[in-house]
Amino acid sequence: MTVRHLDKLFRPTSVAVVGASERKGSVGNLVMHNLLEGGFDGPIMPVNHHRSVAGVLTYKGVSSLPETPDLAVICTPPDAVPRIVQDLCDRGTRAAVVLTAGLGSTPAADGAVTAQDQVLAIAHKYGMRILGPNCLGLLVPGIGLNASFAHLPALPGNIAFASQSGAMCTAVLDWARARGIGFSHFISMGDALDTDFGDVLDYLGSDPGTRAILLYVESIRERRGFMSAGRAAARNKPVLVIKAGRSATGAAAARSHTGALAGADAVYDAAFRRAGMLRVDSIEEIFAAVETLARAPKFPGDRLAIVTNGGGIGVMAVDRLAQLGGRLAELSEHTLAALDKVLPPTWSRGNPADIIGDAPPERYAAAMRTLIDTKESDAVLVMHAPTATASSTAAAQAVIDIARETKAPVLANWVGQEAVAPARKMLRDAGIPTYDTPGEAVGAFMHLITYKRNQEMLTETPVSLPAQFNPATAVARLVIEGHLASGDTMMSEPEAKSVLAAYGVPTVETHIVKTPPDAAAKAQAMGFPVALKILSPDISHKSDVGGVDLFLDTPEAVTASGERMLRAIGEKFPDARIQGFTVQKMAGRTGAHELIVGVTCDPIFGPVILFGQGGTAVEVIADRAVSLPPLNMHLARDLITRTRVWRLLQGYRDTPPVDMDALCLTLVQISQMVVDIPELMELDINPLLADANGVLALDARIRVASPADDRSRDLAIRPYPAELEEWFTLTNGAKVLLRPIRPEDEPEHRHFLDQLTPEDIRFRFFGLVREFPHSEIARLTQIDYDREMAFIASAPKEGGGRETLGVVRTVTDPDNETCEFAVIVRSDLKGLGLGHKLLAKMIAYCRARGTRTMTGQVMAENHPMLDMVRNLGFRVRRLPDEPVMETTLELS
């Protein structure tokens with residue numbers, strides 16, 4: 001994944017069309033006409049054996065072109081594409097749009113590989129960027145570039161659209177043009193052989209001409225690149241996604257379309273949410289969401305108040321809000337009394353506030369102002385149905401005036417068509433998000449809420465772990481390696497529980513026995529009642545085959561149960577290998593909730609963690625949510641809240657709430673297990689009992705396999721790199737821990753910044769900063785370890801806890817060519833060798849990951865810093881007309 005040479009693809013100054021044609025209706029003909037009619041002001045050079053195409057003189061081959069084109073558009077038969085790409089690379093061209101389909105099924109000239117494989121190998125060798133193959137092309141209206149065979153040009157605008165489907169591209173072009181919606185970039189990805197969604201997100205995320213990014217996704221190939229680029233782009237601007245294949249049938253169709261695995265839809269949902277993106281389901285929704293995000297003020301919360309002149313449309317809005325899991329604002333008696341004073345006696349006295357069909361503009365204004373002033377809602381949806389007794393435009397003007405006066409979040413829904421068209425235009429021109437139907441309006445509100453939550457996940461400070469968590473990783477590895485040596489992949493229940501126990505997950509006492517009499521004797525020693533379970537590597541779900549008996553309270557009952565199991569399983573599964581039984585103490589947790597925690601490996605995003613309502617009917621209940629590891633306490637709680645059982649876990653009637661810290665910690669412990677143990681393929685804890693006293697794993701299954709060489713089990717998000725921790729002794733003898741920064745460090749980091757002197761602040765940030773908002777400190781502490789790194793020096797402080805003494809950080813470009821550093825040490829700790837050590841550690845880290853150059857800017861008067869970087873080998877030069885020195889260190 002890289003943005004190298006994408007400027008040649010998206011902002012070329014010259015274009016060659018290889019395969020340009022005079023034949024009407026051919027791709028080569030359409031591309032030439034689109035380029036010529038689009039207004040592109042650079043050279044357009046057709047390559048063909050004809051004398052001219054579309055009135056432009058042609059060139060016989062790439063070698064005869066008068067200049068090296070920035071971009072080539074290839075529309076030839078597939079067998080010719082590898083040779084053309086080689087010729088272009090020899091000539092120095094660094095970007096190509098390959099419209100041709102069928103490269104993957106066309107043998108290369110030597111027959112050893114396909115034409116697609118050969119094209120990719122050539123492109124990688126020379127650093128050429130390929131868009132496609134099998135794509136519609138590329139449009140950049142701002143520079144007049146229409147390098148496509150689309151049936152319509154795109155209007156200029158500030159929305160970027162990238163799609164794997166060419167048909168979706170033409171449909172969106174048609175839909176958007178009819179509504180006057182323009183684009184900064186319109187990109188048909190095709191088979192995404194080289195340039196993928198991660199590359200496009202990286203480029204568009206920093207493009208000043210793009211306000212929002214829209215994606216139509218069928219499949220993702222490079223998980224970590226997509227997540228890193230998506231998270232970086234979503235911090236800068238809205239990223240909205242239509243993901244095809246929600247249903248199993250749709251996923252199969254998407255898979256056959258793209259030739260790539262589609263992955264589980266719920267996992268895509270989790271990935272988009274974790275990246276701060278917003279997922280929608282249709283073309284209309286995606287553009288409505290963009291409009292809403294652009295126009296609506298930020299909502300402080302999720303409570304919606306509704307003002308309407310028609311009860312029916314108000315009820316429709318409430319129904320849709322409930323269907324989408326929204327929250328209707330509850331109006332207090334005080335607010336109802338205030339509304340009584342300004343509304344007729346027949347108003348609805350509730351939310352929605354039905355102000356009656358003859359409502360004049362003054363009534364709209366009074367109802368809105370009252371709801372806004374009482375602050376019992378976070379947004380107001382104003383609805384209007386046209387009537388003969390009231391003016392739609394006058395009502396719209398009242399809404400506009402109140403919205404401007406109060407600056408409150410307001411959305412509008414003027415239902416109908418011809419009669420309300422002028423009012424809708426007034427509202428849109430005033431910058432108020434306006435929708436045609438109640439469903440659209442409520443859907444847009446919920447998009448805002450979902451987007452707000454996803455964005456908050458990018459910046460929310462996680463709480464610290466409620467208990468010290470030091471897993472016995474070596475013990476767990478020993479158990480797993482011992483099992484792998486036996487040749488089996490499915491661990492026995494006792495083995496699985498020993499791995500869980502090594503990571504601090506409470507498990508029920510479990511013993512292995514060989515025969516029913518042995519089981520009775522063990523039960524007698526343990527104390528009754530007990531549970532008896534069959535032990536067989538060939539039987540995963542024991543209860544499905546009668547292999548579980550509970551609440552056995554005598555030795556005779558245990559013996560009889562074991563003999564019955566052996567007979568039943570012998571008849572149903574004669575080939576099953578029976579290794580004996582497990583005897584467990586019955587857990588006395590009356591009223592505890594049965595939950596499930598699981599791990600599986602998604603083909604697209606790698607390991608995922610599942611949580612939901614457990615028990616024997618887990619598949620039937622189907623109450624579950626998934627998330628990508630690594631998890632912290634905040635992300636664990638978010639995962640739990642996305643299930644229906646969450647409401648029960650908070651307590652009801654005489655059932656107290658569960659110990660939520662213990663439940664979240666269990667998910668964090670499982671997450672750490674996934675990070676530490678690549679052999680882990682699948683895990684099921686079902687049931688995991690949870691109540692006010694904590695959690696207890698009653699049953700567990702773990703499947704393991706030797707680590708894959710293809711990195712298919714790599715996490716989509718790089719976890720905390722604990723291997724980079726080290727201790728360092730200052731010149732005064734004090735020991736400090738140097739380690740990568742974590743999101744949980746925000747409180748200590750804020751305190752660290754508060755302790756810096758004004759001069760240190762000026763040297764670090766090139767100016768005085770009076771206050772660091774949460775959003776800024778979150779950006780400093782919640783980093784993507786794939787893209788940037790920050791090492792802090794941490795030490796114990798008086799009174800308990802830890803404090804930050806210094807920090808060094810680098811931000812690296814997506815190509816890993818150059819990184820920029822900054823380092824600062826607490827003002828009272830200078831001269832103890834800490835700054836030198838932090839920067840030296842960062843240099844070693846960047847060198848090890850292959851970064852070529854480290855740069856940094858230092859104020860010319862910051863002489864101690866300049867002396868330090870010179871000592872570490874940096875070149876120093878003064879920037880012209882600036883009080884700043886540029887420092888550079890070649891790492892390669």
# chains A, B, ... in the order shown; residues from 1 in each chain; ligands from 1
$ residues_around --residues "region 616-628 of chain A" --least-positions-apart "5" --cutoff "7 Å" --atoms "only C-alpha atoms" --output "short mmCIF file (atom, residue, chain, number, x, y, z; two decimals) with N, CA, C and O atoms, in the first residue's frame"
data_model
loop_
_atom_site.label_atom_id
_atom_site.label_comp_id
_atom_site.auth_asym_id
_atom_site.auth_seq_id
_atom_site.Cartn_x
_atom_site.Cartn_y
_atom_site.Cartn_z
N ALA A 266 -21.06 -9.05 9.20
CA ALA A 266 -20.96 -8.46 10.54
C ALA A 266 -19.53 -8.00 10.84
O ALA A 266 -19.33 -7.02 11.57
N VAL A 267 -18.55 -8.68 10.27
CA VAL A 267 -17.16 -8.29 10.49
C VAL A 267 -16.85 -7.00 9.72
O VAL A 267 -16.14 -6.13 10.22
N ALA A 270 -18.12 -4.25 11.78
CA ALA A 270 -17.22 -3.97 12.90
C ALA A 270 -16.00 -3.19 12.43
O ALA A 270 -15.53 -2.27 13.11
N ALA A 271 -15.47 -3.55 11.25
CA ALA A 271 -14.29 -2.86 10.73
C ALA A 271 -14.60 -1.42 10.37
O ALA A 271 -13.84 -0.50 10.71
N PRO A 607 -8.42 -12.29 12.81
CA PRO A 607 -9.10 -12.65 14.05
C PRO A 607 -10.17 -11.63 14.44
O PRO A 607 -9.97 -10.43 14.35
N VAL A 608 -11.33 -12.15 14.87
CA VAL A 608 -12.41 -11.32 15.38
C VAL A 608 -12.92 -11.93 16.68
O VAL A 608 -12.81 -13.13 16.89
N ILE A 609 -13.48 -11.07 17.54
CA ILE A 609 -14.01 -11.50 18.82
C ILE A 609 -15.52 -11.34 18.81
O ILE A 609 -16.05 -10.31 18.38
N LEU A 610 -16.22 -12.37 19.29
CA LEU A 610 -17.68 -12.39 19.31
C LEU A 610 -18.17 -12.39 20.75
O LEU A 610 -17.58 -13.03 21.62
N PHE A 611 -19.28 -11.68 20.98
CA PHE A 611 -19.92 -11.66 22.30
C PHE A 611 -21.42 -11.71 22.09
O PHE A 611 -21.95 -11.10 21.14
N LEU A 639 -18.70 -3.32 22.56
CA LEU A 639 -19.10 -4.61 21.98
C LEU A 639 -20.30 -5.17 22.72
O LEU A 639 -21.26 -5.66 22.11
N ARG A 642 -23.82 -3.58 22.03
CA ARG A 642 -24.42 -3.81 20.71
C ARG A 642 -25.22 -5.12 20.64
O ARG A 642 -25.59 -5.56 19.55
N THR A 643 -25.49 -5.72 21.80
CA THR A 643 -26.31 -6.93 21.85
C THR A 643 -27.62 -6.64 22.58
O THR A 643 -27.71 -5.69 23.36
N ARG A 644 -28.62 -7.49 22.37
CA ARG A 644 -29.89 -7.32 23.07
C ARG A 644 -29.76 -7.67 24.55
O ARG A 644 -30.45 -7.09 25.39
#
$ residues_around --residues "Pro345 (chain A)" --least-positions-apart "5" --cutoff "12 Å" --atoms "only C-alpha atoms" --output "JSON list (two decimals) with C-alpha atoms, in the first residue's frame"
[["chain", "number", "residue", "atom", "x", "y", "z"],
["A", 336, "LEU", "CA", -45.42, 20.37, 28.43],
["A", 337, "ALA", "CA", -46.73, 23.28, 30.47],
["A", 339, "LEU", "CA", -45.87, 24.31, 25.26],
["A", 340, "ASP", "CA", -49.46, 24.55, 26.57],
["A", 354, "ASP", "CA", -48.58, 17.77, 16.82],
["A", 355, "ILE", "CA", -49.30, 21.50, 16.52],
["A", 356, "ILE", "CA", -52.39, 20.90, 14.30]]
$ residues_around --residues "Leu304 (chain A)" --least-positions-apart "5" --cutoff "6 Å" --atoms "only C-alpha atoms" --output "list in words"
Leu328, Ala329, Ser377, Ala379 and Val380 of chain A
$ select_by_dssp --residues "region 190-350 of chain A" --states "strand (DSSP E or B)" --output "list of chain:residue names"
A:Ala212, A:Ile213, A:Leu214, A:Leu215, A:Tyr216, A:Val217, A:Val239, A:Leu240, A:Val241, A:Ile242, A:Lys243, A:Leu278, A:Arg279, A:Val280, A:Arg303, A:Leu304, A:Ala305, A:Ile306, A:Val307, A:Thr308, A:Arg327, A:Leu328
$ residues_around --residues "His185 (chain A)" --least-positions-apart "2" --cutoff "7 Å" --atoms "only C-alpha atoms" --output "MDAnalysis selection string"
chainID A and resid 139:141 160:161 183 187
$ residues_around --residues "region 674-686 of chain A" --least-positions-apart "6" --cutoff "9 Å" --atoms "only C-alpha atoms" --output "PyMOL selection string"
chain A and resi 473+476-477+480-481+496+594-601+607-609+614-616+618+629-630+697-708+713-715+719-720
$ residues_around --residues "Met45 (chain A)" --least-positions-apart "6" --cutoff "12 Å" --atoms "only C-alpha atoms" --output "VMD selection string"
chain A and resid 13 to 20 31 to 32 35 to 36 52 to 62 64 to 73
$ select_by_dssp --residues "region 534-576 of chain A" --states "alpha helix (DSSP H)" --output "ChimeraX atom specification"
/A:555-572
$ write_last_selection --atoms "C-alpha atoms" --output "PDB file, in the first residue's frame"
ATOM      1  CA  PRO A 555     -22.350 -41.594  43.071  1.00  0.00           C
ATOM      2  CA  GLU A 556     -24.992 -43.913  41.621  1.00  0.00           C
ATOM      3  CA  ALA A 557     -26.437 -41.135  39.493  1.00  0.00           C
ATOM      4  CA  VAL A 558     -22.967 -40.284  38.134  1.00  0.00           C
ATOM      5  CA  THR A 559     -22.210 -43.919  37.268  1.00  0.00           C
ATOM      6  CA  ALA A 560     -25.580 -44.436  35.588  1.00  0.00           C
ATOM      7  CA  SER A 561     -25.228 -41.233  33.611  1.00  0.00           C
ATOM      8  CA  GLY A 562     -21.765 -42.183  32.353  1.00  0.00           C
ATOM      9  CA  GLU A 563     -22.891 -45.640  31.245  1.00  0.00           C
ATOM     10  CA  ARG A 564     -25.928 -44.166  29.479  1.00  0.00           C
ATOM     11  CA  MET A 565     -23.698 -41.696  27.606  1.00  0.00           C
ATOM     12  CA  LEU A 566     -21.374 -44.466  26.446  1.00  0.00           C
ATOM     13  CA  ARG A 567     -24.287 -46.550  25.121  1.00  0.00           C
ATOM     14  CA  ALA A 568     -26.011 -43.633  23.360  1.00  0.00           C
ATOM     15  CA  ILE A 569     -22.877 -42.261  21.737  1.00  0.00           C
ATOM     16  CA  GLY A 570     -21.726 -45.777  20.790  1.00  0.00           C
ATOM     17  CA  GLU A 571     -24.969 -46.255  18.868  1.00  0.00           C
ATOM     18  CA  LYS A 572     -25.055 -42.816  17.215  1.00  0.00           C
TER      19      LYS A 572
END
$ residues_around --residues "region 727-735 of chain A" --least-positions-apart "3" --cutoff "8 Å" --atoms "only C-alpha atoms" --output "list in words"
Leu738, Ala795, Leu832, Gly833 and Leu834 of chain A
